[in-house]
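> If you scroll down you'll find the structure; I have some questions about it.
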Amino acid sequence: MPTIRVLIADDHPSTREGMAALLTPEPDIEVVATAADGNEAVEKALRLGVDVTVMDIQMPGLDGLRASRAIKEQRPEIGIVIFSSYVYATYLKELLGDGRLGYAYLLKTAPIEQVVTAIRTVARGGFFIDPQVGQRATAPTRLAQLTGREAEVLEQVVKGADNQAIGELLGMQPGTVSMHISNIYSKLELDSVAGMNPRVALVLMYYGLVG
């Protein structure tokens with residue numbers, strides 16, 4: 001399997017070293033560099049050609065959000081895993097609102113298994129949001145319009161699963177999954193976010209950030 005080259009950016013040395021140590025046993029993940037602030041993260045991510053950057057939000061100089069945007073503007077294929085101590089709706093909206101994929105948002109209480117899942121997900125261009133965030137968010141009442149099958153598909157979309165994975169889990173072809181996503185998008189009247197990737201629009205809607 002291809003190796004995912006990872007950069008860890010955090011202003012606390014113990015966090016950087018601890019995360020690197022936890023990721024070392026993963027056979028498909030290699031920590032190639034660390035950074036102590038946003039400016040260093042941007043410079044190393046672009047120079048070293050990493051696949052994923054694990055980024056703290058609160059850092060001196062350039063914060064994690066601005067550093068993430070700077071990386072994505074020049075290398076949109078680099079996945080970003082944001083680490084935060086809190087659930088900030090504005091942060092989620094900033095990350096996903098530009099319509100780009102390849103983002104994850106994790107709380108610092110997330111177990112290493114979720115960090116690994118997030119890294120692998122954004123490396124392939126998907127997105128992942130910490131389940132704890134979902135537990136604190138209130139979905140719009142119009143979700144009740146969805147059929148049981150559509151609700152199952154939406155749940156997997158919110159978890160960051162791609163059409164192939166959703167199809168395998170729910171026993172349907174990827175094309176059928178795509179049809180369900182299109183129907184969900186239409187039912188939830190997401191025309192107001194036209195131009196945005198439909199999957200991203202659905203996630204933002206689910207967490208009450210659009211629509």
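Identifiers in this document derive from the order of the structure tokens: chains are assigned A, B, ..., residues are numbered from 1 separately in each chain, and ligands are numbered from 1 in order of occurrence.
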Go through stretch 141-171 of chain A and flag each residue having an atom no more than 8 Å from stretch 183-186 of chain A; for those, report the closest pair of atoms plus their distance in Å to one decimal, using only C-alpha atoms, ordered by chain and rising number, as a Markdown table.


| residue | atom | partner | partner_atom | distance |
| --- | --- | --- | --- | --- |
| A:Leu146 | CA | A:Ile184 | CA | 7.0 |
| A:Glu150 | CA | A:Ile184 | CA | 6.6 |
| A:Leu154 | CA | A:Ile184 | CA | 7.7 |

> Considering only C-alpha atoms, return as a ChimeraX atom specification whatever protein or nucleic-acid residues lie within 7 Å of A:Thr34, sequence-local ones (same chain, fewer than 2 positions apart) excluded.

/A:7-9,16,36

> With C-alpha atoms kept, could you save the residues just selected as a PDB file, in the first residue's frame?


ATOM      1  CA  LEU A   7       3.680  16.482   8.858  1.00  0.00           C
ATOM      2  CA  ILE A   8       2.678  17.224  12.471  1.00  0.00           C
ATOM      3  CA  ALA A   9       2.282  20.904  13.399  1.00  0.00           C
ATOM      4  CA  ARG A  16       4.362  16.588  18.393  1.00  0.00           C
ATOM      5  CA  ALA A  36       6.187  24.382  15.844  1.00  0.00           C
TER       6      ALA A  36
END

> Choose the residue, out of A:Leu65, A:Val158, A:Ala104, A:Pro111, that has the smallest atom-to-atom separation from A:Leu23; count only C-alpha atoms.

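Residue with the minimum atom-to-atom distance to A:Leu23: A:Pro111.
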
> Run DSSP on the backbone and give me the residues of stretch 135-180 of chain A it puts in alpha helix (DSSP H), as a list in words.

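Residues meeting the alpha helix (DSSP H) criterion: Gln135, Arg136, Gly148, Arg149, Glu150, Ala151, Glu152, Val153, Leu154, Glu155, Gln156, Val157, Val158, Asn163, Gln164, Ala165, Ile166, Gly167, Glu168, Leu169, Leu170, Pro174, Gly175, Thr176, Val177, Ser178, Met179 and His180 of chain A.
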
> Using only C-alpha atoms, which protein or nucleic acid residues come within 9 Å of A:Arg66? Drop anything in the same chain fewer than 5 positions from it, and give the result as a PyMOL selection string.

chain A and resi 38+57+71

> Can you pull out the residues contacting A:Val153? Cut-off 12 Å, using only C-alpha atoms, and skip same-chain residues under 4 positions away; I want them as a ChimeraX atom specification.

/A:146-149,157-172,174,176-185,199,202-203

> Just N, CA and C atoms for this one: save the residues we selected as a CSV table (one decimal), in the first residue's frame.


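The resulting file, out.csv, is shown below:
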chain,number,residue,atom,x,y,z
A,146,LEU,N,-36.3,12.5,4.8
A,146,LEU,CA,-35.6,11.4,4.2
A,146,LEU,C,-36.2,10.1,4.5
A,147,THR,N,-36.0,9.2,3.5
A,147,THR,CA,-36.4,7.8,3.7
A,147,THR,C,-35.4,7.2,4.6
A,148,GLY,N,-35.7,6.0,5.1
A,148,GLY,CA,-34.7,5.3,5.9
A,148,GLY,C,-33.4,5.0,5.2
A,149,ARG,N,-33.5,4.6,3.9
A,149,ARG,CA,-32.3,4.4,3.2
A,149,ARG,C,-31.5,5.6,2.9
A,157,VAL,N,-22.2,9.5,4.6
A,157,VAL,CA,-21.5,10.7,4.0
A,157,VAL,C,-20.9,11.6,5.1
A,158,VAL,N,-21.7,11.8,6.1
A,158,VAL,CA,-21.2,12.6,7.2
A,158,VAL,C,-20.0,12.0,7.9
A,159,LYS,N,-19.9,10.7,7.9
A,159,LYS,CA,-18.7,10.0,8.4
A,159,LYS,C,-17.5,10.1,7.5
A,160,GLY,N,-17.7,10.6,6.3
A,160,GLY,CA,-16.6,10.7,5.3
A,160,GLY,C,-16.4,9.5,4.4
A,161,ALA,N,-17.3,8.6,4.4
A,161,ALA,CA,-17.2,7.4,3.5
A,161,ALA,C,-17.5,7.8,2.1
A,162,ASP,N,-16.7,7.2,1.1
A,162,ASP,CA,-16.9,7.5,-0.3
A,162,ASP,C,-18.0,6.6,-0.8
A,163,ASN,N,-18.4,6.8,-2.1
A,163,ASN,CA,-19.5,6.0,-2.6
A,163,ASN,C,-19.2,4.5,-2.6
A,164,GLN,N,-18.0,4.1,-2.9
A,164,GLN,CA,-17.7,2.7,-2.9
A,164,GLN,C,-17.8,2.1,-1.6
A,165,ALA,N,-17.3,2.8,-0.5
A,165,ALA,CA,-17.4,2.2,0.8
A,165,ALA,C,-18.9,2.2,1.3
A,166,ILE,N,-19.7,3.2,1.0
A,166,ILE,CA,-21.1,3.2,1.3
A,166,ILE,C,-21.8,2.1,0.7
A,167,GLY,N,-21.5,1.9,-0.6
A,167,GLY,CA,-22.2,0.8,-1.4
A,167,GLY,C,-21.9,-0.6,-0.8
A,168,GLU,N,-20.6,-0.8,-0.4
A,168,GLU,CA,-20.2,-2.1,0.2
A,168,GLU,C,-20.9,-2.3,1.5
A,169,LEU,N,-21.0,-1.2,2.3
A,169,LEU,CA,-21.6,-1.3,3.6
A,169,LEU,C,-23.1,-1.5,3.5
A,170,LEU,N,-23.8,-0.8,2.6
A,170,LEU,CA,-25.3,-0.9,2.5
A,170,LEU,C,-25.8,-1.8,1.5
A,171,GLY,N,-24.9,-2.5,0.7
A,171,GLY,CA,-25.3,-3.5,-0.3
A,171,GLY,C,-25.9,-2.9,-1.5
A,172,MET,N,-25.2,-1.9,-2.1
A,172,MET,CA,-25.7,-1.2,-3.3
A,172,MET,C,-24.6,-0.8,-4.2
A,174,PRO,N,-22.2,1.8,-6.4
A,174,PRO,CA,-21.8,3.2,-6.2
A,174,PRO,C,-22.7,4.1,-6.9
A,176,THR,N,-25.9,3.8,-7.5
A,176,THR,CA,-27.1,4.0,-6.7
A,176,THR,C,-26.9,4.9,-5.5
A,177,VAL,N,-25.7,4.8,-4.9
A,177,VAL,CA,-25.3,5.7,-3.8
A,177,VAL,C,-25.3,7.1,-4.3
A,178,SER,N,-24.7,7.3,-5.5
A,178,SER,CA,-24.7,8.7,-6.0
A,178,SER,C,-26.1,9.2,-6.3
A,179,MET,N,-27.0,8.3,-6.7
A,179,MET,CA,-28.4,8.7,-7.0
A,179,MET,C,-29.0,9.2,-5.7
A,180,HIS,N,-28.8,8.4,-4.6
A,180,HIS,CA,-29.4,8.7,-3.3
A,180,HIS,C,-28.8,10.1,-2.8
A,181,ILE,N,-27.5,10.3,-3.0
A,181,ILE,CA,-27.0,11.6,-2.5
A,181,ILE,C,-27.6,12.7,-3.3
A,182,SER,N,-27.8,12.6,-4.6
A,182,SER,CA,-28.5,13.6,-5.4
A,182,SER,C,-29.9,13.8,-4.9
A,183,ASN,N,-30.6,12.8,-4.6
A,183,ASN,CA,-32.0,12.9,-4.1
A,183,ASN,C,-32.0,13.6,-2.7
A,184,ILE,N,-31.1,13.3,-1.9
A,184,ILE,CA,-31.0,13.9,-0.5
A,184,ILE,C,-30.7,15.4,-0.7
A,185,TYR,N,-29.8,15.7,-1.6
A,185,TYR,CA,-29.4,17.1,-1.8
A,185,TYR,C,-30.6,17.9,-2.3
A,199,ARG,N,-21.4,16.7,-1.4
A,199,ARG,CA,-21.1,16.0,-0.1
A,199,ARG,C,-20.7,17.0,1.0
A,202,LEU,N,-23.8,18.8,2.2
A,202,LEU,CA,-24.6,17.9,3.0
A,202,LEU,C,-24.1,17.9,4.5
A,203,VAL,N,-22.7,17.8,4.6
A,203,VAL,CA,-22.1,17.8,5.9
A,203,VAL,C,-22.4,19.1,6.6

> Give me the residues within 12 Å of A:Leu22 as an NGL selection string, counting only C-alpha atoms and dropping any in the same chain fewer than 3 places off.

:A and (8 or 15-19 or 25-27 or 29-31 or 111-116)

> Generate a file of the selected residues that holds N, CA and C atoms, formatted as a JSON list (two decimals), in the first residue's frame.


[["chain", "number", "residue", "atom", "x", "y", "z"],
["A", 8, "ILE", "N", 3.41, 16.90, 11.25],
["A", 8, "ILE", "CA", 2.68, 17.22, 12.47],
["A", 8, "ILE", "C", 3.04, 18.63, 12.90],
["A", 15, "THR", "N", 3.38, 17.24, 22.44],
["A", 15, "THR", "CA", 2.28, 16.81, 21.57],
["A", 15, "THR", "C", 2.82, 16.29, 20.24],
["A", 16, "ARG", "N", 3.77, 17.02, 19.66],
["A", 16, "ARG", "CA", 4.36, 16.59, 18.39],
["A", 16, "ARG", "C", 5.03, 15.22, 18.54],
["A", 17, "GLU", "N", 5.82, 15.09, 19.59],
["A", 17, "GLU", "CA", 6.56, 13.84, 19.79],
["A", 17, "GLU", "C", 5.62, 12.69, 20.12],
["A", 18, "GLY", "N", 4.60, 12.98, 20.93],
["A", 18, "GLY", "CA", 3.65, 11.94, 21.31],
["A", 18, "GLY", "C", 2.85, 11.44, 20.11],
["A", 19, "MET", "N", 2.40, 12.38, 19.26],
["A", 19, "MET", "CA", 1.64, 12.00, 18.08],
["A", 19, "MET", "C", 2.51, 11.19, 17.12],
["A", 25, "PRO", "N", 3.75, 3.00, 14.57],
["A", 25, "PRO", "CA", 3.43, 1.59, 14.29],
["A", 25, "PRO", "C", 2.57, 1.36, 13.04],
["A", 26, "GLU", "N", 1.93, 2.43, 12.53],
["A", 26, "GLU", "CA", 1.06, 2.25, 11.37],
["A", 26, "GLU", "C", 1.89, 1.99, 10.11],
["A", 27, "PRO", "N", 1.68, 0.86, 9.44],
["A", 27, "PRO", "CA", 2.54, 0.49, 8.31],
["A", 27, "PRO", "C", 2.44, 1.40, 7.10],
["A", 29, "ILE", "N", 1.76, 4.79, 7.28],
["A", 29, "ILE", "CA", 1.92, 6.19, 7.66],
["A", 29, "ILE", "C", 3.36, 6.45, 8.09],
["A", 30, "GLU", "N", 3.95, 7.50, 7.53],
["A", 30, "GLU", "CA", 5.31, 7.88, 7.89],
["A", 30, "GLU", "C", 5.33, 9.37, 8.27],
["A", 31, "VAL", "N", 5.74, 9.67, 9.49],
["A", 31, "VAL", "CA", 5.89, 11.06, 9.92],
["A", 31, "VAL", "C", 7.24, 11.55, 9.41],
["A", 111, "PRO", "N", -9.34, 9.39, 20.17],
["A", 111, "PRO", "CA", -8.37, 8.29, 20.29],
["A", 111, "PRO", "C", -7.52, 8.18, 19.04],
["A", 112, "ILE", "N", -6.36, 7.55, 19.17],
["A", 112, "ILE", "CA", -5.43, 7.47, 18.05],
["A", 112, "ILE", "C", -6.06, 6.74, 16.87],
["A", 113, "GLU", "N", -6.99, 5.83, 17.12],
["A", 113, "GLU", "CA", -7.65, 5.12, 16.01],
["A", 113, "GLU", "C", -8.39, 6.09, 15.10],
["A", 114, "GLN", "N", -9.03, 7.11, 15.70],
["A", 114, "GLN", "CA", -9.74, 8.11, 14.89],
["A", 114, "GLN", "C", -8.76, 9.01, 14.16],
["A", 115, "VAL", "N", -7.64, 9.31, 14.78],
["A", 115, "VAL", "CA", -6.62, 10.12, 14.11],
["A", 115, "VAL", "C", -6.12, 9.39, 12.86],
["A", 116, "VAL", "N", -5.86, 8.10, 13.01],
["A", 116, "VAL", "CA", -5.39, 7.29, 11.88],
["A", 116, "VAL", "C", -6.45, 7.26, 10.78]]
